[in-house]
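Undergrad: For reference, the file protein-v1.txt (compact mmCIF, C-alpha atoms and all ligand atoms) is included below:
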# COMPACT_ATOMS: atom_id res chain seq x y z
CA MET N 298 -28.40 36.02 38.81
CA SER N 299 -27.69 32.79 36.86
CA GLN N 300 -25.77 33.32 33.65
CA ALA N 301 -28.06 33.94 30.67
CA GLN N 302 -27.22 32.32 27.35
CA LYS N 303 -24.82 34.61 25.55
CA GLY N 304 -26.87 35.14 22.39
CA ILE N 305 -29.87 36.65 24.17
CA CYS N 306 -28.28 40.03 24.85
CA ALA N 307 -25.59 39.79 22.12
CA GLU N 308 -24.80 42.90 20.09
CA PRO N 309 -25.83 42.89 16.41
CA ASN N 310 -23.66 40.66 14.19
CA LEU N 311 -23.04 40.44 10.45
CA HIS N 312 -24.59 36.96 10.09
CA ALA N 313 -27.05 34.63 11.78
CA LEU N 314 -28.39 31.14 11.22
CA TYR N 315 -31.78 30.25 12.66
CA LEU N 316 -32.67 26.58 12.98
CA THR N 317 -36.17 25.45 13.97
CA PHE N 318 -36.62 21.78 14.81
CA THR N 319 -39.46 19.43 15.64
CA VAL N 320 -38.56 16.57 17.97
CA VAL N 321 -39.50 13.13 16.65
CA ASP N 322 -38.83 10.83 19.63
CA ASP N 323 -39.31 10.84 23.39
CA GLU N 324 -35.71 10.34 24.44
CA VAL N 325 -35.77 13.30 26.74
CA GLN N 326 -32.74 12.36 28.83
CA ALA N 327 -30.59 12.09 25.71
CA MET N 328 -31.93 15.43 24.52
CA ARG N 329 -31.18 17.17 27.84
CA GLY N 330 -27.59 15.96 27.58
CA LYS N 331 -27.27 17.03 23.96
CA LEU N 332 -28.49 20.54 24.68
CA ALA N 333 -25.63 20.91 27.17
CA HIS N 334 -23.31 19.73 24.37
CA VAL N 335 -24.69 22.40 22.07
CA LEU N 336 -23.76 25.02 24.68
CA ASP N 337 -20.22 23.55 24.73
CA LEU N 338 -20.12 23.80 20.94
CA PHE N 339 -21.01 27.52 21.07
CA ASN N 340 -18.24 28.05 23.65
CA HIS N 341 -15.70 26.10 21.64
CA TYR N 342 -16.29 28.18 18.50
CA ASP N 343 -16.36 31.39 20.53
CA GLU N 344 -12.92 30.62 22.00
CA GLU N 345 -11.45 29.32 18.75
CA TYR N 346 -12.69 32.26 16.62
CA TYR N 347 -12.98 34.99 19.23
CA GLU N 348 -12.77 37.74 16.57
CA ALA N 349 -16.04 36.46 15.03
CA MET N 350 -18.11 37.42 18.11
CA VAL N 351 -19.87 34.04 18.17
CA SER N 352 -22.96 33.55 20.29
CA GLY N 353 -25.83 31.10 20.46
CA VAL N 354 -29.23 30.58 22.00
CA ILE N 355 -31.07 27.32 22.64
CA ALA N 356 -34.78 27.88 23.17
CA ILE N 357 -37.37 25.22 23.92
CA GLY N 358 -40.89 25.42 22.44
CA THR N 359 -43.71 25.71 24.97
CA ASP N 360 -45.33 22.31 24.18
CA TYR N 361 -42.02 20.45 24.14
CA TRP N 362 -40.95 22.10 27.40
CA TYR N 363 -43.65 20.09 29.25
CA GLU N 364 -42.09 16.88 27.89
CA LEU N 365 -38.46 17.83 28.32
CA TYR N 366 -38.53 19.29 31.84
CA PRO N 367 -41.96 18.26 33.20
CA ARG N 368 -41.03 18.92 36.82
CA SER N 369 -39.82 22.51 36.32
CA ILE N 370 -42.09 24.93 34.50
CA PRO N 371 -41.30 28.65 34.09
CA GLN N 372 -44.01 30.70 35.82
CA GLU N 373 -45.24 32.47 32.69
CA LEU N 374 -44.70 29.73 30.09
CA ALA N 375 -47.48 30.15 27.51
CA PRO N 376 -48.27 29.19 23.91
CA PHE N 377 -47.78 31.67 21.09
CA PRO N 378 -50.71 34.12 21.26
CA ASP N 379 -53.36 33.28 18.68
CA MET N 380 -54.42 36.56 17.00
CA HIS N 381 -56.22 37.34 13.77
CA CYS N 382 -58.15 40.38 12.63
CA GLU N 383 -59.40 40.92 9.08
CA ASP N 384 -56.46 39.96 6.84
CA ARG N 385 -53.86 40.50 9.57
CA GLY N 386 -52.67 37.49 11.49
CA ALA N 387 -49.94 35.76 13.39
CA PRO N 388 -49.81 32.10 12.39
CA ILE N 389 -48.50 29.52 14.82
CA THR N 390 -46.14 27.03 13.18
CA PRO N 391 -44.27 23.95 14.46
CA GLY N 392 -41.18 24.42 16.63
CA ASP N 393 -39.95 22.28 19.53
CA LEU N 394 -36.44 23.68 19.52
CA PHE N 395 -35.18 26.97 18.18
CA ILE N 396 -31.44 27.54 17.83
CA GLN N 397 -30.04 30.99 17.09
CA ILE N 398 -26.42 31.11 15.94
CA LYS N 399 -24.83 34.53 15.40
CA ALA N 400 -21.34 35.53 14.30
CA ASP N 401 -19.52 38.04 12.15
CA ARG N 402 -18.58 35.19 9.79
CA ALA N 403 -21.07 33.24 7.68
CA ASP N 404 -18.69 30.25 7.54
CA ILE N 405 -18.64 29.99 11.34
CA CYS N 406 -22.47 30.08 11.49
CA HIS N 407 -22.49 27.30 8.92
CA ALA N 408 -19.90 25.20 10.76
CA ILE N 409 -21.76 25.47 14.08
CA GLY N 410 -25.10 24.75 12.41
CA ALA N 411 -23.70 21.60 10.76
CA GLU N 412 -22.38 20.33 14.11
CA VAL N 413 -25.65 21.12 15.90
CA ILE N 414 -27.59 19.14 13.29
CA GLN N 415 -25.16 16.22 13.49
CA LEU N 416 -25.58 16.14 17.26
CA LEU N 417 -29.38 16.40 17.35
CA LYS N 418 -30.05 14.39 14.17
CA PRO N 419 -31.49 11.17 15.56
CA HIS N 420 -34.07 13.05 17.62
CA VAL N 421 -35.19 15.91 15.38
CA ASP N 422 -36.46 17.00 11.97
CA LEU N 423 -35.26 20.34 10.67
CA TYR N 424 -38.48 22.33 10.14
CA GLU N 425 -36.82 25.48 8.80
CA GLU N 426 -33.37 27.01 8.36
CA ILE N 427 -32.96 30.69 7.68
CA SER N 428 -29.69 32.53 7.10
CA SER N 429 -29.78 36.20 7.95
CA PHE N 430 -27.41 39.05 7.30
CA ARG N 431 -26.76 42.59 8.38
CA TYR N 432 -28.07 44.90 5.65
CA LEU N 433 -26.32 48.23 5.06
CA ASP N 434 -26.07 50.17 8.34
CA GLY N 435 -28.39 47.87 10.29
CA ARG N 436 -31.46 48.37 8.11
CA ASP N 437 -34.45 46.18 7.52
CA LEU N 438 -34.96 45.37 3.81
CA THR N 439 -37.72 48.02 3.72
CA GLY N 440 -34.79 50.46 4.03
CA PHE N 441 -35.31 51.66 7.62
CA VAL N 442 -32.76 51.23 10.43
CA ASP N 443 -34.05 48.52 12.78
CA GLY N 444 -33.15 48.20 16.46
CA THR N 445 -32.54 51.87 17.31
CA GLU N 446 -34.89 51.98 20.30
CA ASN N 447 -33.73 48.63 21.67
CA PRO N 448 -32.74 48.75 25.37
CA LYS N 449 -29.01 49.30 25.87
CA GLY N 450 -26.29 48.47 28.41
CA MET N 451 -27.39 46.92 31.70
CA HIS N 452 -31.00 47.83 30.93
CA LYS N 453 -30.96 45.04 28.31
CA LEU N 454 -30.70 42.51 31.14
CA GLU N 455 -33.66 43.98 33.04
CA VAL N 456 -35.80 43.83 29.89
CA ALA N 457 -34.71 40.49 28.45
CA ILE N 458 -33.76 38.24 31.37
CA VAL N 459 -35.94 36.70 34.09
CA GLY N 460 -34.84 37.90 37.53
CA ASP N 461 -35.38 36.65 41.07
CA GLN N 462 -39.20 36.76 40.74
CA ASP N 463 -38.91 33.17 39.38
CA PRO N 464 -35.71 31.93 41.10
CA GLU N 465 -35.38 28.57 39.34
CA PHE N 466 -35.60 30.35 35.98
CA ALA N 467 -33.52 33.43 36.76
CA GLY N 468 -31.19 33.98 33.82
CA GLY N 469 -33.78 32.64 31.36
CA SER N 470 -35.70 34.51 28.67
CA TYR N 471 -39.09 34.24 26.97
CA ILE N 472 -38.47 34.16 23.21
CA HIS N 473 -40.99 34.86 20.45
CA VAL N 474 -40.04 34.23 16.85
CA GLN N 475 -41.90 35.28 13.70
CA ARG N 476 -40.65 35.14 10.15
CA TYR N 477 -42.16 37.99 8.16
CA ARG N 478 -42.18 38.09 4.37
CA HIS N 479 -42.20 41.57 2.91
CA LEU N 480 -44.41 42.54 -0.02
CA MET N 481 -41.49 44.42 -1.54
CA THR N 482 -43.07 45.45 -4.83
CA LYS N 483 -46.04 46.98 -3.02
CA TRP N 484 -43.72 48.71 -0.49
CA GLN N 485 -41.47 50.13 -3.21
CA LEU N 486 -44.48 51.72 -4.92
CA LEU N 487 -45.03 53.87 -1.81
CA ALA N 488 -43.56 57.38 -1.77
CA GLU N 489 -40.78 57.75 0.81
CA GLN N 490 -42.91 60.17 2.82
CA LYS N 491 -45.66 57.53 3.14
CA GLN N 492 -43.11 54.91 4.18
CA GLU N 493 -41.83 57.30 6.85
CA GLN N 494 -45.38 57.85 8.14
CA ILE N 495 -45.77 54.08 8.46
CA TYR N 496 -42.70 53.79 10.67
CA GLY N 497 -43.00 57.20 12.40
CA ARG N 498 -39.31 57.79 11.65
CA SER N 499 -37.34 59.36 8.81
CA LYS N 500 -35.72 56.96 6.36
CA ALA N 501 -32.30 58.33 5.44
CA ASP N 502 -31.19 59.71 8.80
CA ASN N 503 -33.41 57.59 11.09
CA ILE N 504 -34.87 60.44 13.17
CA GLU N 505 -37.93 59.69 15.27
CA PHE N 506 -41.01 61.84 14.55
CA ALA N 507 -42.33 63.88 17.48
CA SER N 508 -45.09 61.94 19.25
CA ASP N 509 -47.84 64.37 18.14
CA LYS N 510 -46.61 64.08 14.52
CA LYS N 511 -46.84 60.28 14.47
CA ALA N 512 -49.89 58.70 12.86
CA ALA N 513 -51.92 56.37 15.07
CA PHE N 514 -51.17 53.60 12.54
CA ALA N 515 -47.37 54.12 12.73
CA HIS N 516 -45.40 51.01 13.68
CA THR N 517 -43.50 52.87 16.41
CA LYS N 518 -46.79 54.26 17.78
CA ARG N 519 -48.43 50.84 17.93
CA THR N 520 -45.40 49.19 19.60
CA ASN N 521 -44.42 52.00 21.99
CA LEU N 522 -46.71 51.04 24.89
CA LYS N 523 -47.02 52.05 28.55
CA ASP N 524 -48.36 49.86 31.35
CA PRO N 525 -51.16 51.17 33.65
CA ALA N 526 -48.49 52.69 35.95
CA GLY N 527 -47.05 54.66 33.00
CA LYS N 528 -43.91 52.51 32.70
CA SER N 529 -42.66 51.61 29.21
CA VAL N 530 -43.49 48.10 28.04
CA GLU N 531 -40.25 46.79 26.53
CA ILE N 532 -38.71 43.86 24.66
CA LEU N 533 -35.21 43.25 23.32
CA ARG N 534 -35.35 42.66 19.56
CA GLN N 535 -32.72 40.39 17.97
CA SER N 536 -34.32 40.54 14.48
CA MET N 537 -32.30 40.35 11.24
CA PRO N 538 -33.15 40.54 7.52
CA TYR N 539 -33.17 37.39 5.39
CA GLY N 540 -33.83 36.61 1.77
CA ASN N 541 -32.63 36.19 -1.77
CA MET N 542 -33.62 37.67 -5.14
CA THR N 543 -37.10 36.14 -4.89
CA VAL N 544 -38.19 36.40 -1.26
CA GLN N 545 -37.24 39.03 1.31
CA GLY N 546 -38.24 39.69 4.89
CA LEU N 547 -37.39 40.05 8.54
CA PHE N 548 -36.67 37.23 10.94
CA PHE N 549 -38.21 38.84 14.03
CA ILE N 550 -37.08 37.74 17.49
CA SER N 551 -38.28 39.16 20.80
CA CYS N 552 -36.49 38.35 24.07
CA ALA N 553 -38.11 39.42 27.34
CA CYS N 554 -38.41 38.61 31.04
CA SER N 555 -42.11 37.87 30.48
CA PRO N 556 -44.20 36.89 27.43
CA GLN N 557 -46.60 39.77 28.16
CA PRO N 558 -44.81 42.71 26.47
CA PHE N 559 -44.54 40.91 23.11
CA THR N 560 -48.17 39.79 23.34
CA ASP N 561 -49.38 43.33 24.13
CA MET N 562 -47.37 44.81 21.24
CA LEU N 563 -48.55 42.23 18.73
CA ARG N 564 -52.17 42.80 19.83
CA SER N 565 -51.71 46.54 19.38
CA MET N 566 -50.26 45.99 15.90
CA ILE N 567 -52.97 43.58 14.71
CA PHE N 568 -56.11 44.95 16.42
CA GLY N 569 -55.01 48.58 16.70
CA ASP N 570 -56.37 51.24 19.03
CA GLU N 571 -59.99 51.86 20.05
CA HIS N 572 -60.59 53.52 16.65
CA GLY N 573 -59.28 50.48 14.75
CA ASN N 574 -55.97 52.10 13.79
CA TYR N 575 -53.89 48.96 13.25
CA ASP N 576 -50.19 48.91 12.34
CA LYS N 577 -50.05 49.86 8.64
CA LEU N 578 -46.72 48.06 8.32
CA LEU N 579 -48.84 44.89 8.30
CA ASP N 580 -50.24 45.91 4.90
CA PHE N 581 -46.70 45.43 3.55
CA THR N 582 -45.38 42.40 5.41
CA VAL N 583 -46.92 39.05 6.32
CA ALA N 584 -46.06 36.79 9.25
CA GLU N 585 -45.49 33.30 7.85
CA THR N 586 -44.28 31.54 11.00
CA GLY N 587 -44.65 32.02 14.75
CA GLY N 588 -43.43 30.26 17.87
CA ALA N 589 -43.12 30.80 21.63
CA TYR N 590 -40.05 29.44 23.40
CA PHE N 591 -38.18 29.66 26.68
CA ALA N 592 -34.38 29.90 26.72
CA PRO N 593 -33.26 28.72 30.17
CA SER N 594 -30.05 29.83 31.87
CA VAL N 595 -26.75 28.06 31.17
CA LYS N 596 -26.88 26.62 34.71
CA PHE N 597 -30.37 25.16 34.18
CA ILE N 598 -29.34 23.35 30.97
CA LYS N 599 -26.15 22.00 32.56
CA GLN N 600 -27.88 20.90 35.78
CA HIS N 601 -30.47 18.90 33.85
CA ALA N 602 -27.94 17.29 31.49
CA THR N 603 -27.32 14.18 33.56
C1 LIG B 1 -39.35 49.63 16.06
C2 LIG B 1 -39.12 47.22 11.88
C3 LIG B 1 -42.09 43.84 13.70
C4 LIG B 1 -41.66 45.87 18.06
C5 LIG B 1 -39.07 49.29 14.77
C6 LIG B 1 -38.33 50.11 13.84
C7 LIG B 1 -38.24 49.42 12.68
C8 LIG B 1 -38.95 48.19 12.85
C9 LIG B 1 -37.53 49.85 11.40
C10 LIG B 1 -37.79 51.53 14.13
C11 LIG B 1 -36.42 51.58 14.71
C12 LIG B 1 -36.23 50.85 16.00
O1 LIG B 1 -36.44 51.40 17.08
O2 LIG B 1 -35.89 49.68 15.93
C13 LIG B 1 -39.95 46.12 12.00
C14 LIG B 1 -40.28 45.22 10.92
C15 LIG B 1 -41.13 44.28 11.45
C16 LIG B 1 -41.31 44.57 12.85
C17 LIG B 1 -39.77 45.35 9.49
C18 LIG B 1 -41.80 43.10 10.78
C19 LIG B 1 -41.61 42.77 9.55
C20 LIG B 1 -42.23 44.09 15.04
C21 LIG B 1 -42.98 43.26 15.96
C22 LIG B 1 -42.86 43.85 17.19
C23 LIG B 1 -42.03 45.03 17.04
C24 LIG B 1 -43.74 41.98 15.57
C25 LIG B 1 -43.44 43.42 18.51
C26 LIG B 1 -44.48 42.60 18.65
C27 LIG B 1 -40.98 47.06 17.88
C28 LIG B 1 -40.67 47.98 18.97
C29 LIG B 1 -40.03 49.07 18.39
C30 LIG B 1 -39.94 48.80 16.97
C31 LIG B 1 -40.97 47.77 20.46
C32 LIG B 1 -39.55 50.34 19.10
C33 LIG B 1 -40.70 51.32 19.21
C34 LIG B 1 -40.28 52.64 19.84
O3 LIG B 1 -40.21 52.68 21.06
O4 LIG B 1 -40.02 53.59 19.09
N1 LIG B 1 -39.45 48.14 14.14
N2 LIG B 1 -40.59 45.71 13.14
N3 LIG B 1 -41.66 45.15 15.72
N4 LIG B 1 -40.52 47.58 16.71
FE1 LIG B 1 -40.60 46.67 14.92
So that I can check it, write out the structure of this file as structure tokens.

TA:
Amino acid sequence: MSQAQKGICAEPNLHALYLTFTVVDDEVQAMRGKLAHVLDLFNHYDEEYYEAMVSGVIAIGTDYWYELYPRSIPQELAPFPDMHCEDRGAPITPGDLFIQIKADRADICHAIGAEVIQLLKPHVDLYEEISSFRYLDGRDLTGFVDGTENPKGMHKLEVAIVGDQDPEFAGGSYIHVQRYRHLMTKWQLLAEQKQEQIYGRSKADNIEFASDKKAAFAHTKRTNLKDPAGKSVEILRQSMPYGNMTVQGLFFISCACSPQPFTDMLRSMIFGDEHGNYDKLLDFTVAETGGAYFAPSVKFIKQHAT
């Protein structure tokens, strides 16, 4: 299989910088070349500061993909799913390029980010920059450990990376990004037992509730799905907390070999089951951004650079 970009299956880091750009010109050949340069930048910093576990991802927004590589379209390329129900929604916000930079050093994330911006500057506007950090022992800011049920080892690749079913795009990944803002005051007013019911896991020691003890509205009930053949529907989550003393939330990132698993999970969260049991976590956090991207293999980016 073609080599996937290193940041897709990277292990959790201490820091991340997420840059979302809109592209302001139509100089696609220049952009293709610059994206290959960005990959070189990631490699350079990885070699120079190997102890910082540097990795990066370049992902191209669905609409911009048709401009950038019009002759090669990933089989399942699709816009971000448009979903709203009552006061629960998943807004779609601008994003032609999404760059994920992760490292165990905030200064390295900053240095790479500054060079990426310098390189892309004439062609892009920075729509949003978010710095994220590891919180305690890998917890979301709601206090619960996040990422426990993520696929592990070689299984990560099966879940997150396109295989030979789409040969030109083998090594690529469908990426969905949503920035959630937590309603922290409301969440903190909930008793711990209620918070645990909402996740379907215990807070302090992160133990999963037995399936028959989980509420239908629990986040882990609504996102733990099976396909018609009984196989688990899976994504690889690369989410990290972000925030300051005023605003806090989760920068949610899903990587998968198809856009379908994320779409099915989000639908289950927002619309709920046949009895209308939606994901109660959505009463305490609000999606403020959303974008669908494809992160092609290293080979694809390099091949299209000249
Ligand atoms: C599980 C947090 C949004 C998919 C979890 C867990 C936490 C968590 C704490 C339990 C531990 C773990 O296995 O990671 C959050 C927060 C979110 C959010 C704070 C938003 C603010 C989403 C979204 C999706 C998603 C949007 C997919 C559309 C999953 C999946 C699991 C999970 C697949 C594992 C379920 C299982 O098999 O037990 N999440 N999550 N999450 N989440 Fe989320």

Undergrad: To one decimal place in Å, what is the distance between atom CA of N:Thr520 and atom C33 of ligand LIG 1 (chain B)?

TA: 5.2 Å

Undergrad: Between atom CA of N:Gln300 and atom N3 of ligand LIG 1 (chain B), what is the distance in Å, rounded to a tenth?

TA: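 Between these atoms lies a distance of 26.7 Å.
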
Undergrad: Can you pull out every residue within 10 Å of N:Arg329, counting only C-alpha atoms, but drop anything in the same chain fewer than 5 positions away, and send it as a CSV table (one decimal) with C-alpha atoms, in the frame of the given file?

TA:
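Output file selection-v1.csv is given in full below:
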chain,number,residue,atom,x,y,z
N,324,GLU,CA,-35.7,10.3,24.4
N,334,HIS,CA,-23.3,19.7,24.4
N,365,LEU,CA,-38.5,17.8,28.3
N,366,TYR,CA,-38.5,19.3,31.8
N,598,ILE,CA,-29.3,23.4,31.0
N,599,LYS,CA,-26.2,22.0,32.6
N,600,GLN,CA,-27.9,20.9,35.8
N,601,HIS,CA,-30.5,18.9,33.8
N,602,ALA,CA,-27.9,17.3,31.5
N,603,THR,CA,-27.3,14.2,33.6

Undergrad: So what do you get for atom CA of N:Thr317 versus atom CA of N:Asn340, distance-wise?

TA: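 Pair atom CA of N:Thr317 / atom CA of N:Asn340 returns 20.5 Å.
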
Undergrad: Near N:Ser499, counting all atoms listed in the file, which residues have an atom at most 9 Å away, once you skip same-chain residues fewer than 6 positions from it, shown as a ChimeraX atom specification?

TA: /N:441,489-490,492-493,505-506

Undergrad: Just the residues within 8 Å of N:Cys306, please, counting only C-alpha atoms, with nothing from its chain fewer than 2 positions along; format it as a list in words.

TA: Lys303, Gly304, Glu308, Lys453, Leu454, Ala457 and Leu533 of chain N

Undergrad: Restricting the calculation to all atoms listed in the file: of N:Leu579, N:Leu314, N:Ala584, N:Val325, which residue gets closest to N:Pro367?

TA: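 So, comparing all the options, the nearest one is N:Val325.
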
Undergrad: Just want the 9 Å neighbourhood of N:Asp322, counted on only C-alpha atoms, with same-chain residues fewer than 6 positions away dropped. Output as a ChimeraX atom specification.

TA: /N:419-421

Undergrad: I need the chosen residues saved as a PDB file, in the coordinates of the input, with C-alpha atoms.

TA:
ATOM      1  CA  PRO N 419     -31.490  11.170  15.560  1.00  0.00           C
ATOM      2  CA  HIS N 420     -34.070  13.050  17.620  1.00  0.00           C
ATOM      3  CA  VAL N 421     -35.190  15.910  15.380  1.00  0.00           C
TER       4      VAL N 421
END

Undergrad: Select all residues near (-24.8, 24.3, 14.6) (cut-off 10 Å, inclusive, file coordinates), counting only C-alpha atoms, and output them as a count of residues only.

TA: 23

Undergrad: Output, as lines of an AutoDock Vina configuration file, the centre and edge lengths in Å (one decimal) of the axis-aligned box that contains all listed atoms of stretch 484-502 of chain N with 8 Å of margin on each side.

TA:
center_x = -38.5
center_y = 54.4
center_z = 3.7
size_x = 30.6
size_y = 27.5
size_z = 33.3

Undergrad: With only C-alpha atoms counted, which protein, DNA or RNA residues have an atom no more than 10 Å from (-46.7, 52.6, 20.2) in the file frame? Please answer as a ChimeraX atom specification.

TA: /N:497,508,511,513-523,529-530,562,565-566,569-570,576

Undergrad: Identify which of the residues N:Glu531, N:Asp443, N:Asp434, N:Ala387 lies closest to N:Phe568, counting all atoms listed in the file when measuring atom-to-atom distances.

TA: N:Ala387

Undergrad: Please list as a ChimeraX atom specification every residue within 10 Å of N:Val583, counting all atoms listed in the file and excluding residues in the same chain fewer than 3 positions away.

TA: /N:384-388,475-480,546-547,578-580,586

Undergrad: For N:Pro538, which of N:Gly330, N:Gly358, N:Gly587, N:Gly444 is the closest residue, counting all atoms listed in the file?

TA: N:Gly444
